[in-house]
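Visitor: You'll find upload.pdb just under this line, and it carries PDB, C-alpha atoms.
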```pdb
ATOM      1  CA  MET R   1     241.930 109.161-133.794  1.00  0.00           C
ATOM      2  CA  VAL R   2     243.439 109.010-130.319  1.00  0.00           C
ATOM      3  CA  GLU R   3     242.943 105.251-130.261  1.00  0.00           C
ATOM      4  CA  ASN R   4     244.768 105.030-133.591  1.00  0.00           C
ATOM      5  CA  ARG R   5     247.522 107.360-132.318  1.00  0.00           C
ATOM      6  CA  GLU R   6     246.972 109.724-135.209  1.00  0.00           C
ATOM      7  CA  THR R   7     248.086 113.311-134.981  1.00  0.00           C
ATOM      8  CA  GLY R   8     247.824 116.348-137.162  1.00  0.00           C
ATOM      9  CA  ILE R   9     245.975 119.575-137.658  1.00  0.00           C
ATOM     10  CA  TYR R  10     242.278 119.302-138.442  1.00  0.00           C
ATOM     11  CA  ASN R  11     239.648 121.997-138.838  1.00  0.00           C
ATOM     12  CA  ALA R  12     236.433 120.893-137.177  1.00  0.00           C
ATOM     13  CA  THR R  13     234.127 123.893-137.297  1.00  0.00           C
ATOM     14  CA  GLY R  14     231.024 122.030-138.456  1.00  0.00           C
ATOM     15  CA  PRO R  15     228.452 121.306-139.510  1.00  0.00           C
ATOM     16  CA  ALA R  16     229.349 118.827-142.226  1.00  0.00           C
ATOM     17  CA  LYS R  17     227.135 120.702-144.724  1.00  0.00           C
ATOM     18  CA  PRO R  18     226.519 124.465-144.965  1.00  0.00           C
ATOM     19  CA  LEU R  19     223.778 125.711-142.653  1.00  0.00           C
ATOM     20  CA  VAL R  20     222.472 129.251-142.976  1.00  0.00           C
ATOM     21  CA  ILE R  21     221.558 131.089-139.791  1.00  0.00           C
ATOM     22  CA  GLY R  22     217.825 131.145-140.533  1.00  0.00           C
ATOM     23  CA  GLU R  23     217.699 127.385-141.005  1.00  0.00           C
ATOM     24  CA  MET R  24     219.727 126.877-137.835  1.00  0.00           C
ATOM     25  CA  LEU R  25     217.416 129.083-135.778  1.00  0.00           C
ATOM     26  CA  ASP R  26     214.307 127.402-137.214  1.00  0.00           C
ATOM     27  CA  GLN R  27     215.692 123.973-136.325  1.00  0.00           C
ATOM     28  CA  ILE R  28     216.498 125.072-132.774  1.00  0.00           C
ATOM     29  CA  LYS R  29     213.064 126.701-132.406  1.00  0.00           C
ATOM     30  CA  GLY R  30     211.386 123.463-133.458  1.00  0.00           C
ATOM     31  CA  ALA R  31     213.595 121.280-131.273  1.00  0.00           C
ATOM     32  CA  VAL R  32     212.794 123.208-128.094  1.00  0.00           C
ATOM     33  CA  ASN R  33     209.130 123.882-128.972  1.00  0.00           C
ATOM     34  CA  SER R  34     209.644 127.638-128.887  1.00  0.00           C
ATOM     35  CA  ASP R  35     207.204 130.281-130.049  1.00  0.00           C
ATOM     36  CA  ALA R  36     210.068 132.702-130.804  1.00  0.00           C
ATOM     37  CA  THR R  37     209.758 135.029-133.756  1.00  0.00           C
ATOM     38  CA  PHE R  38     212.651 136.339-135.804  1.00  0.00           C
ATOM     39  CA  THR R  39     213.177 139.803-137.221  1.00  0.00           C
ATOM     40  CA  TRP R  40     215.798 139.977-139.958  1.00  0.00           C
ATOM     41  CA  VAL R  41     217.794 143.189-139.834  1.00  0.00           C
ATOM     42  CA  PRO R  42     220.698 144.136-142.145  1.00  0.00           C
ATOM     43  CA  ALA R  43     224.188 143.902-140.689  1.00  0.00           C
ATOM     44  CA  ASP R  44     224.950 147.564-141.366  1.00  0.00           C
ATOM     45  CA  PHE R  45     221.911 148.590-139.296  1.00  0.00           C
ATOM     46  CA  LEU R  46     223.039 146.387-136.408  1.00  0.00           C
ATOM     47  CA  GLU R  47     226.509 147.899-136.611  1.00  0.00           C
ATOM     48  CA  LYS R  48     225.035 151.418-136.454  1.00  0.00           C
ATOM     49  CA  GLN R  49     223.127 150.319-133.352  1.00  0.00           C
ATOM     50  CA  LYS R  50     226.439 149.096-131.896  1.00  0.00           C
ATOM     51  CA  VAL R  51     225.266 145.477-131.818  1.00  0.00           C
ATOM     52  CA  GLU R  52     228.383 143.348-131.909  1.00  0.00           C
ATOM     53  CA  ALA R  53     228.857 139.991-133.547  1.00  0.00           C
ATOM     54  CA  TRP R  54     229.633 137.081-131.216  1.00  0.00           C
ATOM     55  CA  SER R  55     228.986 138.874-127.915  1.00  0.00           C
ATOM     56  CA  ASP R  56     225.656 140.631-128.514  1.00  0.00           C
ATOM     57  CA  MET R  57     224.473 138.084-131.076  1.00  0.00           C
ATOM     58  CA  PRO R  58     226.406 134.860-130.448  1.00  0.00           C
ATOM     59  CA  VAL R  59     225.621 133.100-133.734  1.00  0.00           C
ATOM     60  CA  TRP R  60     226.066 136.175-135.929  1.00  0.00           C
ATOM     61  CA  THR R  61     229.624 136.342-137.216  1.00  0.00           C
ATOM     62  CA  GLY R  62     229.480 139.797-138.757  1.00  0.00           C
ATOM     63  CA  ASP R  63     232.493 140.289-141.017  1.00  0.00           C
ATOM     64  CA  GLU R  64     234.167 137.116-139.730  1.00  0.00           C
ATOM     65  CA  SER R  65     231.968 134.640-141.619  1.00  0.00           C
ATOM     66  CA  GLY R  66     234.970 133.224-143.496  1.00  0.00           C
ATOM     67  CA  MET R  67     236.018 131.358-140.368  1.00  0.00           C
ATOM     68  CA  ALA R  68     232.939 129.155-140.611  1.00  0.00           C
ATOM     69  CA  ARG R  69     233.780 128.353-144.223  1.00  0.00           C
ATOM     70  CA  THR R  70     237.146 126.797-143.443  1.00  0.00           C
ATOM     71  CA  SER R  71     237.426 123.407-145.108  1.00  0.00           C
ATOM     72  CA  ILE R  72     236.821 120.491-142.761  1.00  0.00           C
ATOM     73  CA  THR R  73     237.316 117.879-145.479  1.00  0.00           C
ATOM     74  CA  ARG R  74     240.413 116.422-143.834  1.00  0.00           C
ATOM     75  CA  ALA R  75     238.625 115.947-140.488  1.00  0.00           C
ATOM     76  CA  LEU R  76     235.563 114.435-142.192  1.00  0.00           C
ATOM     77  CA  GLY R  77     237.866 112.039-144.001  1.00  0.00           C
ATOM     78  CA  LYS R  78     239.194 110.854-140.653  1.00  0.00           C
ATOM     79  CA  GLY R  79     235.688 110.183-139.364  1.00  0.00           C
ATOM     80  CA  LEU R  80     234.598 113.468-137.765  1.00  0.00           C
ATOM     81  CA  THR R  81     230.866 113.331-137.044  1.00  0.00           C
ATOM     82  CA  PHE R  82     228.411 115.804-135.574  1.00  0.00           C
ATOM     83  CA  ARG R  83     225.483 115.474-133.205  1.00  0.00           C
ATOM     84  CA  PRO R  84     222.128 116.463-134.669  1.00  0.00           C
ATOM     85  CA  LEU R  85     221.432 120.160-134.046  1.00  0.00           C
ATOM     86  CA  ALA R  86     218.047 119.394-132.467  1.00  0.00           C
ATOM     87  CA  GLU R  87     219.680 117.062-129.941  1.00  0.00           C
ATOM     88  CA  THR R  88     222.338 119.633-129.080  1.00  0.00           C
ATOM     89  CA  ALA R  89     219.704 122.349-128.650  1.00  0.00           C
ATOM     90  CA  ARG R  90     217.512 120.234-126.357  1.00  0.00           C
ATOM     91  CA  ASP R  91     220.463 119.028-124.269  1.00  0.00           C
ATOM     92  CA  THR R  92     221.929 122.529-123.945  1.00  0.00           C
ATOM     93  CA  LEU R  93     218.585 123.954-122.838  1.00  0.00           C
ATOM     94  CA  ALA R  94     218.105 121.131-120.316  1.00  0.00           C
ATOM     95  CA  TRP R  95     221.600 121.749-118.939  1.00  0.00           C
ATOM     96  CA  PHE R  96     220.973 125.494-118.673  1.00  0.00           C
ATOM     97  CA  LYS R  97     217.664 124.964-116.869  1.00  0.00           C
ATOM     98  CA  SER R  98     219.476 122.699-114.393  1.00  0.00           C
ATOM     99  CA  GLN R  99     221.810 125.524-113.369  1.00  0.00           C
ATOM    100  CA  PRO R 100     221.147 127.538-110.194  1.00  0.00           C
ATOM    101  CA  GLN R 101     218.785 130.465-110.718  1.00  0.00           C
ATOM    102  CA  ASP R 102     221.521 133.024-110.037  1.00  0.00           C
ATOM    103  CA  ARG R 103     223.589 131.491-112.869  1.00  0.00           C
ATOM    104  CA  GLN R 104     220.587 131.473-115.213  1.00  0.00           C
ATOM    105  CA  SER R 105     219.977 135.146-114.543  1.00  0.00           C
ATOM    106  CA  LYS R 106     223.535 136.111-115.498  1.00  0.00           C
ATOM    107  CA  LEU R 107     223.814 135.355-119.181  1.00  0.00           C
ATOM    108  CA  ARG R 108     227.297 135.964-120.501  1.00  0.00           C
ATOM    109  CA  ALA R 109     226.348 136.647-124.105  1.00  0.00           C
ATOM    110  CA  GLY R 110     223.464 138.045-126.050  1.00  0.00           C
ATOM    111  CA  LEU R 111     221.424 141.196-125.850  1.00  0.00           C
ATOM    112  CA  THR R 112     219.417 141.844-122.717  1.00  0.00           C
ATOM    113  CA  PRO R 113     215.665 141.885-123.343  1.00  0.00           C
ATOM    114  CA  GLY R 114     215.694 145.658-122.849  1.00  0.00           C
ATOM    115  CA  ARG R 115     218.494 146.222-125.346  1.00  0.00           C
ATOM    116  CA  GLU R 116     216.824 143.912-127.842  1.00  0.00           C
ATOM    117  CA  ALA R 117     213.605 145.941-127.516  1.00  0.00           C
ATOM    118  CA  GLU R 118     215.580 149.164-128.153  1.00  0.00           C
ATOM    119  CA  VAL R 119     217.161 147.786-131.318  1.00  0.00           C
ATOM    120  CA  LEU R 120     213.844 146.431-132.610  1.00  0.00           C
ATOM    121  CA  ALA R 121     212.136 149.770-131.905  1.00  0.00           C
ATOM    122  CA  ALA R 122     214.898 151.560-133.810  1.00  0.00           C
ATOM    123  CA  TRP R 123     214.435 149.129-136.708  1.00  0.00           C
ATOM    124  CA  ARG R 124     210.663 149.715-136.809  1.00  0.00           C
ATOM    125  CA  LYS R 125     211.281 153.477-136.739  1.00  0.00           C
ATOM    126  CA  HIS R 126     213.817 153.103-139.541  1.00  0.00           C
ATOM    127  CA  LEU R 127     211.213 151.294-141.645  1.00  0.00           C
ATOM    128  CA  GLY R 128     208.826 154.181-141.101  1.00  0.00           C
TER     129      GLY R 128
END
```
I'd like the structure from this file rewritten - as C-alpha coordinates, please.
Guide:
Amino acid sequence: MVENRETGIYNATGPAKPLVIGEMLDQIKGAVNSDATFTWVPADFLEKQKVEAWSDMPVWTGDESGMARTSITRALGKGLTFRPLAETARDTLAWFKSQPQDRQSKLRAGLTPGREAEVLAAWRKHLG
(Lines of atoms letter the chains of each structure in order from A and count residues from 1; the text may use other names and numbers.)
(Lines give C-alpha, C1' and ligand atoms only; values in the text may rest on other atoms or scores of the structure.)
Protein backbone atom coordinates (compact mmCIF):
# COMPACT_ATOMS: atom_id res chain seq x y z
CA MET A 1 0.00 0.00 0.00
CA VAL A 2 2.91 2.34 0.66
CA GLU A 3 4.23 1.69 -2.84
CA ASN A 4 0.80 2.60 -4.22
CA ARG A 5 0.63 5.69 -1.97
CA GLU A 6 -2.63 4.54 -0.48
CA THR A 7 -3.77 5.84 2.86
CA GLY A 8 -6.65 5.17 5.17
CA ILE A 9 -7.67 3.42 8.32
CA TYR A 10 -7.47 -0.37 8.29
CA ASN A 11 -8.05 -2.88 11.06
CA ALA A 12 -5.45 -5.62 10.87
CA THR A 13 -5.94 -7.73 13.97
CA GLY A 14 -5.74 -11.11 12.24
CA PRO A 15 -5.90 -13.90 11.57
CA ALA A 16 -7.86 -13.84 8.33
CA LYS A 17 -10.24 -16.53 9.67
CA PRO A 18 -11.47 -17.01 13.26
CA LEU A 19 -9.08 -19.01 15.43
CA VAL A 20 -10.16 -20.18 18.87
CA ILE A 21 -7.57 -20.17 21.63
CA GLY A 22 -7.42 -23.96 21.93
CA GLU A 23 -6.68 -24.38 18.23
CA MET A 24 -4.06 -21.64 18.40
CA LEU A 25 -2.30 -23.24 21.36
CA ASP A 26 -2.40 -26.69 19.73
CA GLN A 27 -0.85 -25.29 16.56
CA ILE A 28 1.91 -23.55 18.51
CA LYS A 29 2.54 -26.70 20.58
CA GLY A 30 2.94 -28.74 17.40
CA ALA A 31 5.12 -26.15 15.68
CA VAL A 32 7.65 -26.03 18.51
CA ASN A 33 7.48 -29.76 19.35
CA SER A 34 6.29 -29.06 22.88
CA ASP A 35 4.97 -31.59 25.37
CA ALA A 36 2.88 -28.90 27.11
CA THR A 37 -0.49 -29.84 28.52
CA PHE A 38 -3.44 -27.51 28.84
CA THR A 39 -5.93 -27.20 31.66
CA TRP A 40 -9.11 -25.35 30.74
CA VAL A 41 -10.43 -23.24 33.58
CA PRO A 42 -13.52 -20.98 33.48
CA ALA A 43 -12.90 -17.25 33.24
CA ASP A 44 -14.82 -16.51 36.44
CA PHE A 45 -12.52 -18.87 38.38
CA LEU A 46 -9.44 -17.15 36.96
CA GLU A 47 -10.88 -13.78 37.92
CA LYS A 48 -11.47 -15.00 41.49
CA GLN A 49 -7.83 -16.10 41.56
CA LYS A 50 -6.87 -12.59 40.41
CA VAL A 51 -5.43 -13.88 37.13
CA GLU A 52 -5.58 -10.99 34.70
CA ALA A 53 -6.18 -11.11 30.98
CA TRP A 54 -3.31 -9.90 28.78
CA SER A 55 -0.66 -9.60 31.50
CA ASP A 56 -0.99 -12.89 33.41
CA MET A 57 -2.31 -14.80 30.40
CA PRO A 58 -1.19 -12.93 27.28
CA VAL A 59 -3.51 -14.61 24.77
CA TRP A 60 -6.58 -14.59 27.02
CA THR A 61 -8.63 -11.47 26.38
CA GLY A 62 -11.08 -11.84 29.25
CA ASP A 63 -14.00 -9.48 28.71
CA GLU A 64 -12.23 -7.69 25.85
CA SER A 65 -12.72 -10.41 23.23
CA GLY A 66 -14.71 -8.06 20.98
CA MET A 67 -11.49 -6.33 19.97
CA ALA A 68 -10.34 -9.48 18.18
CA ARG A 69 -13.63 -9.62 16.29
CA THR A 70 -13.20 -6.24 14.62
CA SER A 71 -13.77 -6.56 10.89
CA ILE A 72 -10.57 -6.68 8.85
CA THR A 73 -12.40 -7.02 5.54
CA ARG A 74 -11.15 -3.68 4.24
CA ALA A 75 -7.50 -4.58 4.96
CA LEU A 76 -7.92 -8.04 3.41
CA GLY A 77 -9.38 -6.39 0.34
CA LYS A 78 -6.23 -4.31 0.00
CA GLY A 79 -4.03 -7.40 0.15
CA LEU A 80 -3.31 -7.89 3.86
CA THR A 81 -1.74 -11.32 4.39
CA PHE A 82 -0.58 -13.20 7.45
CA ARG A 83 2.38 -15.44 8.17
CA PRO A 84 1.50 -19.00 9.10
CA LEU A 85 1.10 -19.34 12.88
CA ALA A 86 3.57 -22.25 13.01
CA GLU A 87 6.25 -20.14 11.31
CA THR A 88 5.65 -17.23 13.67
CA ALA A 89 5.82 -19.54 16.70
CA ARG A 90 9.09 -21.17 15.60
CA ASP A 91 10.71 -17.84 14.69
CA THR A 92 9.61 -16.18 17.93
CA LEU A 93 10.96 -19.06 20.01
CA ALA A 94 14.26 -19.01 18.10
CA TRP A 95 14.55 -15.26 18.65
CA PHE A 96 13.80 -15.62 22.37
CA LYS A 97 16.38 -18.38 22.77
CA SER A 98 18.95 -16.11 21.10
CA GLN A 99 18.50 -13.46 23.80
CA PRO A 100 20.97 -13.20 26.69
CA GLN A 101 20.14 -15.47 29.62
CA ASP A 102 19.36 -12.54 31.91
CA ARG A 103 16.74 -11.33 29.40
CA GLN A 104 15.26 -14.83 29.08
CA SER A 105 14.90 -15.07 32.84
CA LYS A 106 12.91 -11.84 33.05
CA LEU A 107 9.67 -12.54 31.26
CA ARG A 108 7.47 -9.48 31.04
CA ALA A 109 4.15 -11.28 30.78
CA GLY A 110 2.58 -14.50 31.91
CA LEU A 111 2.27 -16.27 35.21
CA THR A 112 5.43 -17.38 36.96
CA PRO A 113 5.70 -21.16 37.28
CA GLY A 114 5.00 -20.83 41.00
CA ARG A 115 1.88 -18.73 40.49
CA GLU A 116 0.66 -21.09 37.79
CA ALA A 117 1.08 -24.02 40.20
CA GLU A 118 -0.95 -22.12 42.85
CA VAL A 119 -3.82 -21.47 40.45
CA LEU A 120 -3.84 -25.06 39.20
CA ALA A 121 -3.81 -26.38 42.78
CA ALA A 122 -6.75 -24.11 43.61
CA TRP A 123 -8.58 -25.41 40.53
CA ARG A 124 -7.99 -29.05 41.52
CA LYS A 125 -9.22 -28.26 45.04
CA HIS A 126 -12.27 -26.54 43.58
CA LEU A 127 -13.07 -29.68 41.58
CA GLY A 128 -12.90 -31.71 44.77
Visitor: If we count all atoms listed in the file, what is near Ala12 (chain R) at a cut-off of 8 Å, once residues fewer than 3 positions away on the same chain are taken out, given as an NGL selection string?
Guide: :R and (72 or 75 or 80)
Visitor: What is the distance, in Å and to one decimal place, between CA of Val51 (chain R) and CA of Phe96 (chain R)?
Guide: 24.3 Å
Visitor: Any chance you could resolve the PyMOL selection byres ((chain R and resi 14) around 8) against this file and give the residues as a list in words?
Guide: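 Those residues are Ala12, Thr13, Pro15, Ala16, Lys17, Ala68, Ile72 and Phe82 of chain R.
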Visitor: Can you tell me how far CA of Leu25 (chain R) sits from CA of Phe38 (chain R), in Å to one decimal?
Guide: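 The value is 8.7 Å.
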Visitor: Would you kindly translate the PyMOL selection byres ((chain R and resi 1-3) around 10) into the concrete residues it picks from this file, as number ranges by chain?
Guide: R: 4-8, 78-80
Visitor: Counting all atoms listed in the file, what is within 12 Å of Leu46 (chain R), bar same-chain residues fewer than 5 positions away, as a ChimeraX atom specification?
Guide: /R:39-41,51-53,56-57,60,62,111,115-116,118-120,122-123,126
Visitor: CA of Asn11 (chain R) and CA of Thr70 (chain R), how far apart in Å?
Guide: 7.1 Å
Visitor: Smallest atom-to-atom distance to Val59 (chain R): which of R:Ala31, R:Ala109, R:Leu93, R:Leu85, using all atoms listed in the file?
Guide: R:Ala109
